[in-house]
Amino acid sequence: MNGPLTGAQARQSAARFLAEHCPWADADAVLLVVSELVTNAARHTGALGRLRLTADALGLAVSVEDADPRAPVPRTPDMGGGGGFGWHMVERLAQRLVVHPAPDGKRIEAAWAAPTA
């Protein structure tokens, strides 16, 4: 899915993808990660480059590309409403989280392993 898109649109697209390709996934966790990554891309760069969801027998990957080459920096959460919770949540919810440099910014990939039979 190519941007621009809102967090709500990203969640809707991801929910459809999960229902079709990854019924085993913790949808609440994945949708929260999608929402946080898309919202942060828009907030910090003004636009989302791309949201990609992929699934295979090994698991699920969500990647978000944006135009800012800087990796996210965890902030101390502000209990007064100033944010700082999102990246910490993403780190806890994803089984694997990697920030890759990209030609025009960065790509953040969150992944979850498929259950084994």
# chains A, B, ... in the order shown; residues from 1 in each chain; ligands from 1
>>> select_by_dssp(residues="chain A", states="strand (DSSP E)", output="number ranges by chain")
A: 50-56, 59-66, 96-102, 105-113
>>> residues_around(residues="A:Pro69", least_positions_apart="4", cutoff="8 Å", atoms="only C-alpha atoms", output="VMD selection string")
chain A and resid 101 to 102 104 to 106
>>> write_last_selection(atoms="C-alpha atoms", output="short mmCIF file (atom, residue, chain, number, x, y, z; two decimals), in the first residue's frame")
data_model
loop_
_atom_site.label_atom_id
_atom_site.label_comp_id
_atom_site.auth_asym_id
_atom_site.auth_seq_id
_atom_site.Cartn_x
_atom_site.Cartn_y
_atom_site.Cartn_z
CA PRO A 101 18.68 2.26 6.25
CA ALA A 102 16.96 2.88 2.90
CA ASP A 104 15.44 7.69 0.76
CA GLY A 105 15.13 7.29 4.53
CA LYS A 106 14.59 4.13 6.56
#
>>> select_by_dssp(residues="chain A", states="alpha helix (DSSP H)", output="count of residues only")
42
>>> closest_residue(among="A:Thr45, A:Thr76, A:Gln95, A:Asn40", to="A:Ala61", atoms="only C-alpha atoms")
A:Gln95
>>> atom_distance(atom1="atom CA of A:Ala27", atom2="atom CA of A:Asp56")
16.3 Å
>>> closest_residue(among="A:Leu53, A:Val33, A:Leu18, A:Val62", to="A:Trp87", atoms="only C-alpha atoms")
A:Val33
>>> closest_residue(among="A:Ala14, A:Ile108, A:Ala42, A:Leu31", to="A:Thr54", atoms="only C-alpha atoms")
A:Ala14
>>> atom_distance(atom1="atom CA of A:His100", atom2="atom CA of A:Arg52")
14.1 Å
>>> closest_residue(among="A:Leu51, A:Cys22, A:Ala71, A:Ala29", to="A:Ala10", atoms="only C-alpha atoms")
A:Leu51
>>> residues_around(residues="A:Glu109", least_positions_apart="3", cutoff="6 Å", atoms="only C-alpha atoms", output="PyMOL selection string")
chain A and resi 62-63+97-98
>>> closest_residue(among="A:Gln12, A:Ala67, A:Gly82, A:Leu58", to="A:Ala25", atoms="only C-alpha atoms")
A:Leu58
>>> residues_around(residues="A:Leu93", least_positions_apart="3", cutoff="9 Å", atoms="only C-alpha atoms", output="ChimeraX atom specification")
/A:29-30,32-33,88-90,96,110
>>> write_last_selection(atoms="N, CA and C atoms", output="tab-separated table (two decimals), in the first residue's frame")
chain	number	residue	atom	x	y	z
A	29	ALA	N	-2.11	-6.76	18.85
A	29	ALA	CA	-0.70	-6.35	18.91
A	29	ALA	C	-0.23	-5.85	17.55
A	30	VAL	N	-0.52	-6.59	16.50
A	30	VAL	CA	-0.07	-6.20	15.16
A	30	VAL	C	-0.69	-4.87	14.76
A	32	LEU	N	-1.78	-2.46	16.65
A	32	LEU	CA	-1.20	-1.37	17.43
A	32	LEU	C	0.18	-1.00	16.88
A	33	VAL	N	0.98	-1.99	16.53
A	33	VAL	CA	2.29	-1.72	15.94
A	33	VAL	C	2.13	-0.98	14.62
A	88	HIS	N	8.30	2.33	22.79
A	88	HIS	CA	8.42	1.31	23.83
A	88	HIS	C	7.38	0.20	23.62
A	89	MET	N	6.16	0.58	23.24
A	89	MET	CA	5.13	-0.43	22.97
A	89	MET	C	5.50	-1.29	21.78
A	90	VAL	N	5.98	-0.65	20.72
A	90	VAL	CA	6.37	-1.40	19.52
A	90	VAL	C	7.47	-2.40	19.87
A	96	ARG	N	10.36	-9.38	16.78
A	96	ARG	CA	11.62	-8.92	16.20
A	96	ARG	C	11.37	-7.53	15.65
A	110	ALA	N	8.82	-4.91	11.76
A	110	ALA	CA	8.39	-5.65	12.94
A	110	ALA	C	7.94	-7.02	12.46
>>> closest_residue(among="A:Ala55, A:Ala114, A:Arg70, A:Arg107", to="A:Glu20", atoms="only C-alpha atoms")
A:Ala55
>>> atom_distance(atom1="atom CA of A:Val73", atom2="atom CA of A:Asp28")
23.6 Å
